[in-house]
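Asker: For reference, the structure I am asking about is given below.
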Amino acid sequence: MVNETERHLRADAQRNVERIVRAAHAAFAEDGPDVSLEAIARRAKVGPRTLYRHFPRKADLVRAVLDQSVSENLTPAIERALDDENPLHGLTALIEAAVGMVAREVSVLAAARSAGSPMTDLSATYFEALTLLARRAQQARLLRADLVPEDLPRIMAMLTSVLWSMDPETEGWRRYLGFVLDGLSPAAATVQPPAAHVVRTARTRNWLD
């Protein structure tokens with residue numbers, strides 16, 4: 001049986017974790033991906049030993065920050081998109097939500113790459129939802145019929161690549177999202193070569209890798 005003291009200790013530990021993750025999120029955004037764990041500990045007002053007890057490696061902390069962002073931003077967007085009666089609207093809203101999240105988390109994603117923290121499993125659920133919505137939109141003849149699942153991560157990579165050339169706070173990426181969505185309309189469709197097979201090499205990245 002857990003006594004009252006143990007409950008307090010567990011609650012204190014959880015509060016410390018939340019403070020560290022929030023502080024790390026702010027530190028990556030303000031100070032960049034190379035901010036030290038010691039600086040994050042100071043920002044969170046905890047000792048370095050407390051931080052290292054919960055997050056032994058920087059990759060662990062970066063992953064926690066991204067998990068939190070996905071949970072707060074992308075997971076609800078996936079649920080709303082799948083519940084949308086108009087699959088094209090749901091597809092569009094979900095792509096917007098994902099690109100917007102990546103724009104806000106540019107520094108965190110850079111920290112993830114630097115720390116060697118894999119993000120593939122985070123994007124898997126997103127692409128499952130995106131594929132389902134695309135299939136529904138095609139069945140409703142709202143989306144060009146030649147789009148295949150292999151196209152979706154490449155389209156996302158195209159959209160997120162523009163973020164590195166502009167101030168993400170301007171949301172200038174919406175212009176290019178509009179261009180892409182216009183091209184996915186059945187009315188604008190022209191015959192295209194078949195999609196290439198996915199080949200993972202050192203030069204290819206997932207949009208969340």
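Residues in the structure tokens are named by chain (A, B, ... in the order shown) and by number from 1 within that chain; ligands are numbered from 1 in the order shown.
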Just want the 9 Å neighbourhood of stretch 16-21 of chain A, counted on only C-alpha atoms, with same-chain residues fewer than 3 positions away dropped. Output as a list in words.
Answerer: Ala11, Asp12, Ala13, Ala24, His25, Ala26, Ile40, Ala41, Arg43, Ala44, Lys45, Val46, Thr50, Leu51, His54, Phe55, Leu61, Val62, Ala64, Val65 and Gln68 of chain A
Asker: When you look at A:Ala29 with a cut-off of 8 Å (counting only C-alpha atoms), what residues show up, excluding the ones that are within fewer than 3 positions of it in the same chain? I need them as a ChimeraX atom specification.
Answerer: /A:25-26,32-33,105,107-108
Asker: Would you put the residues from that selection into a file with all heavy atoms, as a tab-separated table (two decimals), in the first residue's frame?
Answerer:
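File produced: part.tsv:
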```tsv
chain	number	residue	atom	x	y	z
A	25	HIS	N	11.48	23.16	-23.23
A	25	HIS	CA	10.76	23.66	-24.41
A	25	HIS	C	11.06	25.14	-24.62
A	25	HIS	O	11.39	25.57	-25.74
A	25	HIS	CB	9.26	23.44	-24.22
A	25	HIS	CG	8.48	23.48	-25.47
A	25	HIS	ND1	7.14	23.19	-25.54
A	25	HIS	CD2	8.83	23.81	-26.74
A	25	HIS	CE1	6.72	23.30	-26.78
A	25	HIS	NE2	7.72	23.69	-27.54
A	26	ALA	N	10.97	25.92	-23.57
A	26	ALA	CA	11.25	27.35	-23.66
A	26	ALA	C	12.72	27.61	-23.99
A	26	ALA	O	13.04	28.51	-24.78
A	26	ALA	CB	10.88	28.03	-22.35
A	32	GLY	N	18.11	28.10	-28.54
A	32	GLY	CA	18.58	27.25	-29.62
A	32	GLY	C	18.78	25.81	-29.21
A	32	GLY	O	18.76	25.47	-28.02
A	33	PRO	N	19.01	24.93	-30.20
A	33	PRO	CA	19.10	23.49	-29.93
A	33	PRO	C	20.33	23.06	-29.13
A	33	PRO	O	20.35	21.95	-28.59
A	33	PRO	CB	19.13	22.88	-31.34
A	33	PRO	CG	19.65	23.97	-32.22
A	33	PRO	CD	19.13	25.24	-31.64
A	105	GLU	N	8.26	24.11	-33.66
A	105	GLU	CA	9.24	23.27	-32.98
A	105	GLU	C	10.54	23.10	-33.77
A	105	GLU	O	11.25	22.12	-33.60
A	105	GLU	CB	8.63	21.88	-32.72
A	105	GLU	CG	7.30	21.88	-32.00
A	105	GLU	CD	7.37	22.48	-30.59
A	105	GLU	OE1	8.47	22.92	-30.18
A	105	GLU	OE2	6.34	22.53	-29.92
A	107	SER	N	13.44	24.47	-33.49
A	107	SER	CA	14.62	24.34	-32.62
A	107	SER	C	14.63	23.00	-31.89
A	107	SER	O	15.69	22.39	-31.70
A	107	SER	CB	14.67	25.48	-31.60
A	107	SER	OG	14.93	26.70	-32.24
A	108	VAL	N	13.46	22.53	-31.48
A	108	VAL	CA	13.39	21.25	-30.79
A	108	VAL	C	13.75	20.12	-31.74
A	108	VAL	O	14.47	19.18	-31.38
A	108	VAL	CB	11.98	21.02	-30.19
A	108	VAL	CG1	11.93	19.69	-29.44
A	108	VAL	CG2	11.60	22.15	-29.25
```
Asker: How far is it from atom CA of A:Ile95 to atom CA of A:Trp173, in Å with one decimal?
Answerer: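 Here the two named atoms are 11.5 Å from each other.
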Asker: Would you kindly return, as a ChimeraX atom specification, each protein, DNA or RNA residue with an atom no farther than 12 Å from any atom of stretch 109-113 of chain A, considering only C-alpha atoms and excluding same-chain residues fewer than 6 positions away?
Answerer: /A:24-25,27-29,31-37,57-67,69,101-103,119-120,160,164,205-209
Asker: Could you take the residues named above and write them with N, CA, C and O atoms, as a CSV table (one decimal), in the first residue's frame?
Answerer:
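This went into again.csv:
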```
chain,number,residue,atom,x,y,z
A,24,ALA,N,12.7,23.1,-20.7
A,24,ALA,CA,13.4,22.7,-21.9
A,24,ALA,C,12.8,23.2,-23.2
A,24,ALA,O,13.5,23.7,-24.1
A,25,HIS,N,11.5,23.2,-23.2
A,25,HIS,CA,10.8,23.7,-24.4
A,25,HIS,C,11.1,25.1,-24.6
A,25,HIS,O,11.4,25.6,-25.7
A,27,ALA,N,13.6,26.8,-23.4
A,27,ALA,CA,15.0,27.0,-23.6
A,27,ALA,C,15.4,26.7,-25.1
A,27,ALA,O,16.2,27.5,-25.7
A,28,PHE,N,14.9,25.6,-25.7
A,28,PHE,CA,15.2,25.3,-27.1
A,28,PHE,C,14.7,26.5,-28.0
A,28,PHE,O,15.4,26.8,-28.9
A,29,ALA,N,13.5,27.0,-27.7
A,29,ALA,CA,12.9,28.0,-28.5
A,29,ALA,C,13.7,29.3,-28.4
A,29,ALA,O,13.9,30.0,-29.4
A,31,ASP,N,16.9,29.8,-26.8
A,31,ASP,CA,18.4,29.7,-26.8
A,31,ASP,C,19.0,28.8,-27.8
A,31,ASP,O,20.2,28.8,-28.0
A,32,GLY,N,18.1,28.1,-28.5
A,32,GLY,CA,18.6,27.3,-29.6
A,32,GLY,C,18.8,25.8,-29.2
A,32,GLY,O,18.8,25.5,-28.0
A,33,PRO,N,19.0,24.9,-30.2
A,33,PRO,CA,19.1,23.5,-29.9
A,33,PRO,C,20.3,23.1,-29.1
A,33,PRO,O,20.3,22.0,-28.6
A,34,ASP,N,21.3,23.9,-29.0
A,34,ASP,CA,22.6,23.5,-28.3
A,34,ASP,C,22.6,23.9,-26.9
A,34,ASP,O,23.6,23.8,-26.2
A,35,VAL,N,21.5,24.4,-26.4
A,35,VAL,CA,21.4,24.8,-25.0
A,35,VAL,C,21.8,23.6,-24.1
A,35,VAL,O,21.4,22.5,-24.4
A,36,SER,N,22.5,23.8,-23.0
A,36,SER,CA,23.0,22.7,-22.2
A,36,SER,C,21.9,22.3,-21.2
A,36,SER,O,21.0,23.0,-20.8
A,37,LEU,N,22.1,21.0,-20.7
A,37,LEU,CA,21.1,20.5,-19.7
A,37,LEU,C,21.3,21.3,-18.4
A,37,LEU,O,20.3,21.5,-17.7
A,57,ARG,N,20.1,11.5,-20.6
A,57,ARG,CA,20.7,12.0,-21.8
A,57,ARG,C,19.8,13.1,-22.4
A,57,ARG,O,18.6,13.2,-22.1
A,58,LYS,N,20.5,14.0,-23.1
A,58,LYS,CA,19.7,15.1,-23.7
A,58,LYS,C,18.7,14.6,-24.7
A,58,LYS,O,17.6,15.1,-24.8
A,59,ALA,N,19.0,13.4,-25.4
A,59,ALA,CA,18.0,12.8,-26.3
A,59,ALA,C,16.7,12.5,-25.5
A,59,ALA,O,15.6,12.6,-26.1
A,60,ASP,N,16.8,12.0,-24.3
A,60,ASP,CA,15.6,11.7,-23.5
A,60,ASP,C,14.8,12.9,-23.2
A,60,ASP,O,13.5,12.8,-23.3
A,61,LEU,N,15.4,14.0,-22.9
A,61,LEU,CA,14.7,15.2,-22.6
A,61,LEU,C,14.0,15.8,-23.9
A,61,LEU,O,12.9,16.2,-23.9
A,62,VAL,N,14.8,15.8,-25.0
A,62,VAL,CA,14.2,16.3,-26.3
A,62,VAL,C,13.0,15.4,-26.6
A,62,VAL,O,12.0,16.0,-27.1
A,63,ARG,N,13.1,14.1,-26.5
A,63,ARG,CA,12.0,13.3,-26.8
A,63,ARG,C,10.7,13.6,-25.9
A,63,ARG,O,9.6,13.6,-26.4
A,64,ALA,N,11.0,13.9,-24.7
A,64,ALA,CA,9.9,14.2,-23.8
A,64,ALA,C,9.2,15.5,-24.2
A,64,ALA,O,8.0,15.7,-24.2
A,65,VAL,N,10.0,16.5,-24.7
A,65,VAL,CA,9.5,17.8,-25.1
A,65,VAL,C,8.6,17.5,-26.4
A,65,VAL,O,7.5,18.1,-26.5
A,66,LEU,N,9.1,16.7,-27.3
A,66,LEU,CA,8.3,16.5,-28.5
A,66,LEU,C,7.1,15.6,-28.2
A,66,LEU,O,6.0,15.9,-28.8
A,67,ASP,N,7.2,14.7,-27.3
A,67,ASP,CA,6.0,13.9,-26.9
A,67,ASP,C,4.9,14.8,-26.4
A,67,ASP,O,3.7,14.6,-26.7
A,69,SER,N,4.5,18.0,-27.1
A,69,SER,CA,4.0,18.9,-28.1
A,69,SER,C,3.0,18.1,-29.0
A,69,SER,O,2.0,18.6,-29.4
A,101,MET,N,2.9,22.8,-36.4
A,101,MET,CA,3.6,22.3,-35.2
A,101,MET,C,5.1,22.2,-35.5
A,101,MET,O,6.0,22.6,-34.7
A,102,VAL,N,5.5,21.8,-36.7
A,102,VAL,CA,6.9,21.7,-37.1
A,102,VAL,C,7.5,23.1,-37.1
A,102,VAL,O,8.7,23.3,-36.6
A,103,ALA,N,6.7,24.1,-37.6
A,103,ALA,CA,7.2,25.5,-37.6
A,103,ALA,C,7.5,26.0,-36.2
A,103,ALA,O,8.5,26.7,-36.0
A,119,MET,N,12.6,10.0,-34.2
A,119,MET,CA,11.2,10.5,-34.1
A,119,MET,C,10.3,9.7,-35.0
A,119,MET,O,9.1,10.1,-35.2
A,120,THR,N,10.8,8.6,-35.7
A,120,THR,CA,10.0,7.9,-36.7
A,120,THR,C,8.6,7.4,-36.1
A,120,THR,O,7.6,7.5,-36.8
A,160,THR,N,7.6,21.1,-45.3
A,160,THR,CA,8.4,21.5,-44.1
A,160,THR,C,9.7,22.1,-44.5
A,160,THR,O,10.3,22.8,-43.8
A,164,TRP,N,12.8,26.4,-43.4
A,164,TRP,CA,14.2,26.8,-43.1
A,164,TRP,C,14.6,28.0,-43.9
A,164,TRP,O,15.7,28.6,-43.6
A,205,ARG,N,15.4,11.6,-45.3
A,205,ARG,CA,14.9,11.9,-43.9
A,205,ARG,C,13.4,11.8,-43.9
A,205,ARG,O,12.8,12.3,-44.8
A,206,ASN,N,12.9,11.3,-42.8
A,206,ASN,CA,11.5,11.5,-42.5
A,206,ASN,C,11.3,12.9,-42.1
A,206,ASN,O,12.2,13.6,-41.6
A,207,TRP,N,10.1,13.5,-42.3
A,207,TRP,CA,9.9,14.9,-41.9
A,207,TRP,C,10.0,15.2,-40.4
A,207,TRP,O,10.2,16.3,-40.0
A,208,LEU,N,10.0,14.1,-39.6
A,208,LEU,CA,10.2,14.3,-38.2
A,208,LEU,C,11.5,13.7,-37.7
A,208,LEU,O,11.8,13.6,-36.5
A,209,ASP,N,12.3,13.1,-38.7
A,209,ASP,CA,13.6,12.5,-38.3
A,209,ASP,C,14.6,13.6,-37.8
A,209,ASP,O,14.6,14.7,-38.3
```
